[in-house]
$ cat final.cif   # mmCIF, C-alpha atoms
data_query
loop_
_atom_site.group_PDB
_atom_site.id
_atom_site.type_symbol
_atom_site.label_atom_id
_atom_site.label_comp_id
_atom_site.auth_asym_id
_atom_site.auth_seq_id
_atom_site.Cartn_x
_atom_site.Cartn_y
_atom_site.Cartn_z
ATOM 1 C CA MET A 61 -7.686 -18.973 17.207
ATOM 2 C CA ASN A 62 -10.316 -16.918 15.317
ATOM 3 C CA ARG A 63 -7.900 -13.973 15.339
ATOM 4 C CA ARG A 64 -5.217 -16.050 13.654
ATOM 5 C CA ILE A 65 -7.669 -17.305 11.049
ATOM 6 C CA GLY A 66 -8.594 -13.662 10.473
ATOM 7 C CA ILE A 67 -4.925 -12.808 9.966
ATOM 8 C CA ALA A 68 -4.643 -15.581 7.384
ATOM 9 C CA ALA A 69 -7.773 -14.246 5.681
ATOM 10 C CA VAL A 70 -6.272 -10.752 5.579
ATOM 11 C CA ALA A 71 -3.196 -12.209 3.894
ATOM 12 C CA LEU A 72 -5.503 -13.676 1.262
ATOM 13 C CA LEU A 73 -7.246 -10.339 0.869
ATOM 14 C CA LEU A 74 -3.938 -8.533 0.476
ATOM 15 C CA GLY A 75 -3.160 -10.830 -2.406
ATOM 16 C CA ALA A 76 -6.586 -10.134 -3.881
ATOM 17 C CA CYS A 77 -6.089 -6.386 -3.451
ATOM 18 C CA ALA A 78 -2.740 -6.535 -5.207
ATOM 19 C CA ASN A 79 -4.530 -8.369 -7.992
ATOM 20 C CA THR A 80 -7.348 -5.811 -8.165
ATOM 21 C CA ALA A 81 -4.968 -2.875 -8.012
ATOM 22 C CA SER A 82 -3.177 -4.068 -11.128
ATOM 23 C CA ASN A 83 -6.426 -4.717 -13.047
ATOM 24 C CA HIS A 84 -5.728 -8.379 -13.735
ATOM 25 C CA THR A 85 -8.121 -11.267 -13.507
ATOM 26 C CA PRO A 86 -6.994 -14.154 -11.298
ATOM 27 C CA THR A 87 -6.467 -16.356 -14.337
ATOM 28 C CA SER A 88 -4.218 -13.808 -16.039
ATOM 29 C CA LEU A 89 -1.756 -13.465 -13.174
ATOM 30 C CA GLY A 90 1.605 -14.903 -14.009
ATOM 31 C CA LYS A 91 4.115 -16.257 -11.567
ATOM 32 C CA ALA A 92 7.411 -14.616 -10.714
ATOM 33 C CA SER A 93 10.239 -15.282 -8.358
ATOM 34 C CA PRO A 94 10.087 -13.080 -5.265
ATOM 35 C CA GLU A 95 13.286 -11.282 -6.301
ATOM 36 C CA ASP A 96 11.820 -10.453 -9.735
ATOM 37 C CA VAL A 97 9.170 -8.306 -8.037
ATOM 38 C CA GLY A 98 11.324 -6.853 -5.256
ATOM 39 C CA LEU A 99 10.678 -9.385 -2.493
ATOM 40 C CA SER A 100 13.060 -11.643 -0.605
ATOM 41 C CA THR A 101 12.907 -15.432 -0.776
ATOM 42 C CA THR A 102 14.776 -15.564 2.544
ATOM 43 C CA ARG A 103 12.231 -13.372 4.314
ATOM 44 C CA LEU A 104 9.309 -15.224 2.753
ATOM 45 C CA SER A 105 10.772 -18.472 4.079
ATOM 46 C CA ARG A 106 10.314 -16.989 7.575
ATOM 47 C CA LEU A 107 6.626 -16.603 6.780
ATOM 48 C CA THR A 108 6.510 -20.241 5.674
ATOM 49 C CA GLN A 109 8.221 -21.374 8.874
ATOM 50 C CA ARG A 110 5.875 -19.310 11.053
ATOM 51 C CA MET A 111 2.747 -20.580 9.341
ATOM 52 C CA GLU A 112 3.976 -24.179 9.667
ATOM 53 C CA GLN A 113 4.742 -23.548 13.346
ATOM 54 C CA GLY A 114 1.231 -22.162 13.844
ATOM 55 C CA VAL A 115 -0.248 -25.353 12.384
ATOM 56 C CA ARG A 116 2.054 -27.576 14.492
ATOM 57 C CA ASN A 117 1.199 -25.664 17.688
ATOM 58 C CA GLY A 118 -2.533 -25.846 17.011
ATOM 59 C CA GLU A 119 -2.859 -22.051 16.682
ATOM 60 C CA ILE A 120 -4.557 -22.469 13.305
ATOM 61 C CA PRO A 121 -5.835 -25.588 11.545
ATOM 62 C CA GLY A 122 -4.556 -24.356 8.193
ATOM 63 C CA GLY A 123 -4.215 -21.414 5.877
ATOM 64 C CA VAL A 124 -3.456 -20.127 2.422
ATOM 65 C CA VAL A 125 -1.073 -17.246 1.809
ATOM 66 C CA LEU A 126 -0.775 -15.532 -1.549
ATOM 67 C CA ILE A 127 1.409 -12.499 -2.121
ATOM 68 C CA GLY A 128 1.149 -10.751 -5.432
ATOM 69 C CA ARG A 129 3.107 -7.769 -6.659
ATOM 70 C CA HIS A 130 3.191 -5.948 -9.979
ATOM 71 C CA GLY A 131 0.545 -8.295 -11.383
ATOM 72 C CA LYS A 132 2.556 -11.435 -10.625
ATOM 73 C CA ILE A 133 2.181 -14.100 -7.955
ATOM 74 C CA ALA A 134 5.459 -14.123 -6.044
ATOM 75 C CA TYR A 135 4.446 -16.429 -3.208
ATOM 76 C CA GLN A 136 1.610 -18.900 -2.747
ATOM 77 C CA GLU A 137 1.611 -21.640 -0.158
ATOM 78 C CA THR A 138 -0.958 -23.784 1.625
ATOM 79 C CA PHE A 139 -0.569 -24.944 5.200
ATOM 80 C CA GLY A 140 -2.263 -27.537 7.368
ATOM 81 C CA LEU A 141 -5.782 -28.812 7.007
ATOM 82 C CA ARG A 142 -8.872 -27.469 5.292
ATOM 83 C CA ASP A 143 -11.059 -29.635 7.513
ATOM 84 C CA PRO A 144 -9.493 -30.967 10.712
ATOM 85 C CA GLN A 145 -12.324 -33.469 11.254
ATOM 86 C CA SER A 146 -11.863 -35.226 7.920
ATOM 87 C CA GLN A 147 -8.118 -34.446 7.814
ATOM 88 C CA ALA A 148 -8.611 -32.917 4.344
ATOM 89 C CA PRO A 149 -5.464 -31.006 3.387
ATOM 90 C CA MET A 150 -5.643 -27.282 2.677
ATOM 91 C CA ARG A 151 -6.039 -26.346 -0.963
ATOM 92 C CA ALA A 152 -5.101 -23.094 -2.665
ATOM 93 C CA ASP A 153 -8.711 -22.598 -3.778
ATOM 94 C CA ALA A 154 -10.208 -23.123 -0.307
ATOM 95 C CA ILE A 155 -13.040 -20.780 0.607
ATOM 96 C CA PHE A 156 -12.842 -19.136 4.032
ATOM 97 C CA ARG A 157 -15.689 -17.759 6.061
ATOM 98 C CA ILE A 158 -14.589 -14.511 7.666
ATOM 99 C CA ALA A 159 -16.341 -12.246 10.130
ATOM 100 C CA SER A 160 -15.670 -8.862 11.700
ATOM 101 C CA MET A 161 -13.240 -7.962 8.974
ATOM 102 C CA SER A 162 -14.815 -4.696 7.825
ATOM 103 C CA LYS A 163 -12.385 -2.565 9.873
ATOM 104 C CA PRO A 164 -9.136 -4.063 8.530
ATOM 105 C CA ILE A 165 -10.476 -4.241 4.974
ATOM 106 C CA THR A 166 -11.673 -0.624 5.113
ATOM 107 C CA SER A 167 -8.373 0.445 6.677
ATOM 108 C CA LEU A 168 -6.468 -1.312 3.918
ATOM 109 C CA ALA A 169 -8.558 0.439 1.271
ATOM 110 C CA ILE A 170 -7.963 3.828 2.938
ATOM 111 C CA LEU A 171 -4.213 3.197 3.107
ATOM 112 C CA MET A 172 -4.172 2.219 -0.579
ATOM 113 C CA LEU A 173 -5.961 5.485 -1.432
ATOM 114 C CA ALA A 174 -3.434 7.408 0.674
ATOM 115 C CA GLU A 175 -0.571 5.634 -1.071
ATOM 116 C CA GLU A 176 -2.048 6.653 -4.441
ATOM 117 C CA GLY A 177 -2.273 10.265 -3.243
ATOM 118 C CA ARG A 178 -6.075 10.388 -3.434
ATOM 119 C CA LEU A 179 -6.388 11.375 0.211
ATOM 120 C CA SER A 180 -4.222 12.285 3.158
ATOM 121 C CA LEU A 181 -4.562 10.758 6.591
ATOM 122 C CA ALA A 182 -4.505 14.357 7.888
ATOM 123 C CA ASP A 183 -7.609 15.257 5.829
ATOM 124 C CA PRO A 184 -10.675 16.113 7.891
ATOM 125 C CA ALA A 185 -13.314 13.370 7.705
ATOM 126 C CA SER A 186 -15.820 16.047 6.700
ATOM 127 C CA LYS A 187 -14.008 16.436 3.363
ATOM 128 C CA PHE A 188 -15.468 13.053 2.376
ATOM 129 C CA LEU A 189 -18.432 12.888 4.778
ATOM 130 C CA PRO A 190 -19.941 16.390 4.935
ATOM 131 C CA GLU A 191 -22.249 15.250 7.752
ATOM 132 C CA PHE A 192 -19.214 15.398 10.068
ATOM 133 C CA ALA A 193 -18.563 19.099 9.352
ATOM 134 C CA ASP A 194 -20.284 20.627 12.378
ATOM 135 C CA LEU A 195 -19.888 17.971 15.032
ATOM 136 C CA LYS A 196 -20.403 18.703 18.680
ATOM 137 C CA VAL A 197 -18.880 16.888 21.611
ATOM 138 C CA GLY A 198 -20.578 16.038 24.851
ATOM 139 C CA SER A 199 -19.165 17.677 27.944
ATOM 140 C CA ILE A 200 -20.400 16.612 31.357
ATOM 141 C CA ARG A 201 -21.301 19.520 33.610
ATOM 142 C CA ARG A 202 -22.145 19.240 37.304
ATOM 143 C CA GLY A 203 -24.735 21.537 38.754
ATOM 144 C CA ALA A 204 -24.547 23.088 42.256
ATOM 145 C CA ASP A 205 -26.618 20.172 43.546
ATOM 146 C CA GLY A 206 -24.177 17.637 42.011
ATOM 147 C CA THR A 207 -26.437 16.473 39.197
ATOM 148 C CA ALA A 208 -24.683 15.811 35.923
ATOM 149 C CA THR A 209 -25.872 17.122 32.592
ATOM 150 C CA VAL A 210 -24.376 16.828 29.154
ATOM 151 C CA ALA A 211 -23.709 20.024 27.263
ATOM 152 C CA LEU A 212 -22.870 19.977 23.564
ATOM 153 C CA GLU A 213 -19.866 22.045 22.519
ATOM 154 C CA PRO A 214 -18.041 22.533 19.201
ATOM 155 C CA VAL A 215 -15.004 20.298 18.651
ATOM 156 C CA LYS A 216 -11.568 21.831 19.266
ATOM 157 C CA SER A 217 -10.063 20.238 16.148
ATOM 158 C CA PRO A 218 -11.728 18.450 13.238
ATOM 159 C CA MET A 219 -11.881 14.664 13.170
ATOM 160 C CA THR A 220 -9.331 13.329 10.653
ATOM 161 C CA ILE A 221 -9.086 10.178 8.578
ATOM 162 C CA GLN A 222 -6.239 9.129 10.888
ATOM 163 C CA ASP A 223 -8.533 9.544 13.912
ATOM 164 C CA LEU A 224 -11.036 7.205 12.287
ATOM 165 C CA LEU A 225 -8.362 4.614 11.462
ATOM 166 C CA ARG A 226 -6.925 4.516 14.967
ATOM 167 C CA HIS A 227 -10.345 4.720 16.650
ATOM 168 C CA THR A 228 -9.607 8.039 18.376
ATOM 169 C CA SER A 229 -12.362 9.992 16.645
ATOM 170 C CA GLY A 230 -14.553 10.119 19.745
ATOM 171 C CA LEU A 231 -17.500 8.565 17.931
ATOM 172 C CA THR A 232 -19.402 6.173 20.123
ATOM 173 C CA LEU A 233 -22.918 4.828 20.066
ATOM 174 C CA ARG A 234 -23.524 6.423 23.471
ATOM 175 C CA CYS A 235 -22.460 9.864 22.235
ATOM 176 C CA CYS A 236 -24.698 9.546 19.217
ATOM 177 C CA ARG A 237 -27.655 8.658 21.468
ATOM 178 C CA ILE A 238 -26.992 11.633 23.749
ATOM 179 C CA GLU A 239 -26.923 14.033 20.800
ATOM 180 C CA SER A 240 -30.051 12.443 19.316
ATOM 181 C CA ASP A 241 -31.851 12.575 22.663
ATOM 182 C CA GLN A 242 -30.976 16.242 23.198
ATOM 183 C CA ALA A 243 -32.132 17.064 19.693
ATOM 184 C CA GLY A 244 -35.426 15.288 20.427
ATOM 185 C CA LEU A 245 -34.719 12.583 17.871
ATOM 186 C CA ARG A 246 -35.109 9.521 20.120
#

$ encode --input "final.cif" --output "structure tokens"
Amino acid sequence: MNRRIGIAAVALLLGACANTASNHTPTSLGKASPEDVGLSTTRLSRLTQRMEQGVRNGEIPGGVVLIGRHGKIAYQETFGLRDPQSQAPMRADAIFRIASMSKPITSLAILMLAEEGRLSLADPASKFLPEFADLKVGSIRRGADGTATVALEPVKSPMTIQDLLRHTSGLTLRCCRIESDQAGLR
């Protein structure tokens, strides 16, 4: 259920990002029909049906979805309850508490920068974070007696922005500890 609430929160954030990207304040956003801004009323009705189904099935207690494009609000709907205990209906100005959303929000920001041509997903991470320029990877080596040691070796290819987005960069807390321990940084 928390995941679905998170998805609803991301939908809210997408609306906020569309607002921020067009440099409008929330009060200055006008309304437009979906077709006026290149969206489909028919397809948005599927979103409405799915959100209503989620409330009916108990997947989420309620939600708010706002989709803005070109500085106009093309879709804004509320669903379900703001507070299931008091049966208070959802309001468009409801405030949501969200957690563990830094990855999707950061990913969205990166994708917006890529869309604007400010970076490429193929760019090495070191272009923006020079500390990642000379990374080493841990390679486990077995001695003749079978004991394992970790040897640090240069990476075969640089870590890219895409690697960071899809969590294939190889960065782990354990790897960072091994490198720190070997460097005497405990």

$ atom_distance --input "final.cif" --atom1 "atom CA of A:Leu89" --atom2 "atom CA of A:Gly131"
5.9 Å

$ closest_residue --input "final.cif" --among "A:Ala152, A:Ile165, A:Met111, A:Leu225" --to "A:Val124" --atoms "all atoms listed in the file"
A:Ala152

$ closest_residue --input "final.cif" --among "A:Ala159, A:Val115, A:Ala169, A:Ile127" --to "A:Arg142" --atoms "only C-alpha atoms"
A:Val115

$ closest_residue --input "final.cif" --among "A:Arg201, A:Thr207, A:Gln145, A:Ile221" --to "A:Leu173" --atoms "all atoms listed in the file"
A:Ile221

$ atom_distance --input "final.cif" --atom1 "atom CA of A:Glu119" --atom2 "atom CA of A:Leu171"
28.7 Å

$ resolve_selection --input "final.cif" --expression "the PyMOL selection byres ((chain A and resi 136) around 9)" --output "PyMOL selection string"
chain A and resi 124-128+133-135+137-138+152

$ resolve_selection --input "final.cif" --expression "the PyMOL selection byres ((chain A and resi 186-197) around 9)" --output "ChimeraX atom specification"
/A:183-185,198-199,211-215,218-220,230,235,239

$ residues_around --input "final.cif" --residues "A:Gly114" --least-positions-apart "4" --cutoff "10 Å" --atoms "only C-alpha atoms" --output "PyMOL selection string"
chain A and resi 64+108-110+118-123+139-140

$ write_last_selection --input "final.cif" --atoms "C-alpha atoms" --output "PDB file, in the frame of the given file"
ATOM      1  CA  ARG A  64      -5.217 -16.050  13.654  1.00  0.00           C
ATOM      2  CA  THR A 108       6.510 -20.241   5.674  1.00  0.00           C
ATOM      3  CA  GLN A 109       8.221 -21.374   8.874  1.00  0.00           C
ATOM      4  CA  ARG A 110       5.875 -19.310  11.053  1.00  0.00           C
ATOM      5  CA  GLY A 118      -2.533 -25.846  17.011  1.00  0.00           C
ATOM      6  CA  GLU A 119      -2.859 -22.051  16.682  1.00  0.00           C
ATOM      7  CA  ILE A 120      -4.557 -22.469  13.305  1.00  0.00           C
ATOM      8  CA  PRO A 121      -5.835 -25.588  11.545  1.00  0.00           C
ATOM      9  CA  GLY A 122      -4.556 -24.356   8.193  1.00  0.00           C
ATOM     10  CA  GLY A 123      -4.215 -21.414   5.877  1.00  0.00           C
ATOM     11  CA  PHE A 139      -0.569 -24.944   5.200  1.00  0.00           C
ATOM     12  CA  GLY A 140      -2.263 -27.537   7.368  1.00  0.00           C
TER      13      GLY A 140
END

$ closest_residue --input "final.cif" --among "A:Pro144, A:Leu224, A:Arg178, A:His130" --to "A:Lys91" --atoms "all atoms listed in the file"
A:His130

$ atom_distance --input "final.cif" --atom1 "atom CA of A:Arg129" --atom2 "atom CA of A:Gly98"
8.4 Å

$ decode --input "final.cif" --residues "stretch 110-125 of chain A" --atoms "N, CA and C atoms" --output "compact mmCIF listing (two decimals), in the first residue's frame"
# COMPACT_ATOMS: atom_id res chain seq x y z
N ARG A 110 -8.67 3.76 -13.17
CA ARG A 110 -7.72 2.95 -12.39
C ARG A 110 -7.57 3.47 -10.97
N MET A 111 -7.53 4.77 -10.81
CA MET A 111 -7.43 5.33 -9.47
C MET A 111 -8.69 5.00 -8.66
N GLU A 112 -9.86 5.12 -9.28
CA GLU A 112 -11.11 4.78 -8.59
C GLU A 112 -11.13 3.30 -8.22
N GLN A 113 -10.63 2.44 -9.11
CA GLN A 113 -10.55 1.01 -8.83
C GLN A 113 -9.61 0.76 -7.64
N GLY A 114 -8.49 1.45 -7.60
CA GLY A 114 -7.55 1.30 -6.50
C GLY A 114 -8.18 1.67 -5.16
N VAL A 115 -9.02 2.70 -5.15
CA VAL A 115 -9.71 3.09 -3.92
C VAL A 115 -10.74 2.02 -3.56
N ARG A 116 -11.52 1.58 -4.54
CA ARG A 116 -12.55 0.54 -4.29
C ARG A 116 -11.95 -0.75 -3.76
N ASN A 117 -10.78 -1.14 -4.32
CA ASN A 117 -10.14 -2.40 -3.92
C ASN A 117 -9.32 -2.28 -2.64
N GLY A 118 -9.26 -1.09 -2.07
CA GLY A 118 -8.50 -0.90 -0.84
C GLY A 118 -7.00 -0.84 -1.06
N GLU A 119 -6.55 -0.65 -2.30
CA GLU A 119 -5.11 -0.54 -2.57
C GLU A 119 -4.55 0.77 -2.05
N ILE A 120 -5.36 1.82 -2.13
CA ILE A 120 -4.98 3.13 -1.61
C ILE A 120 -6.22 3.74 -0.95
N PRO A 121 -6.04 4.52 0.11
CA PRO A 121 -7.22 5.17 0.71
C PRO A 121 -7.71 6.33 -0.14
N GLY A 122 -6.78 7.00 -0.83
CA GLY A 122 -7.15 8.13 -1.66
C GLY A 122 -5.94 8.70 -2.34
N GLY A 123 -6.15 9.67 -3.20
CA GLY A 123 -5.04 10.28 -3.90
C GLY A 123 -5.47 11.52 -4.65
N VAL A 124 -4.47 12.27 -5.07
CA VAL A 124 -4.68 13.47 -5.88
C VAL A 124 -3.75 13.33 -7.08
N VAL A 125 -4.28 13.54 -8.26
CA VAL A 125 -3.46 13.50 -9.47
C VAL A 125 -3.62 14.83 -10.19
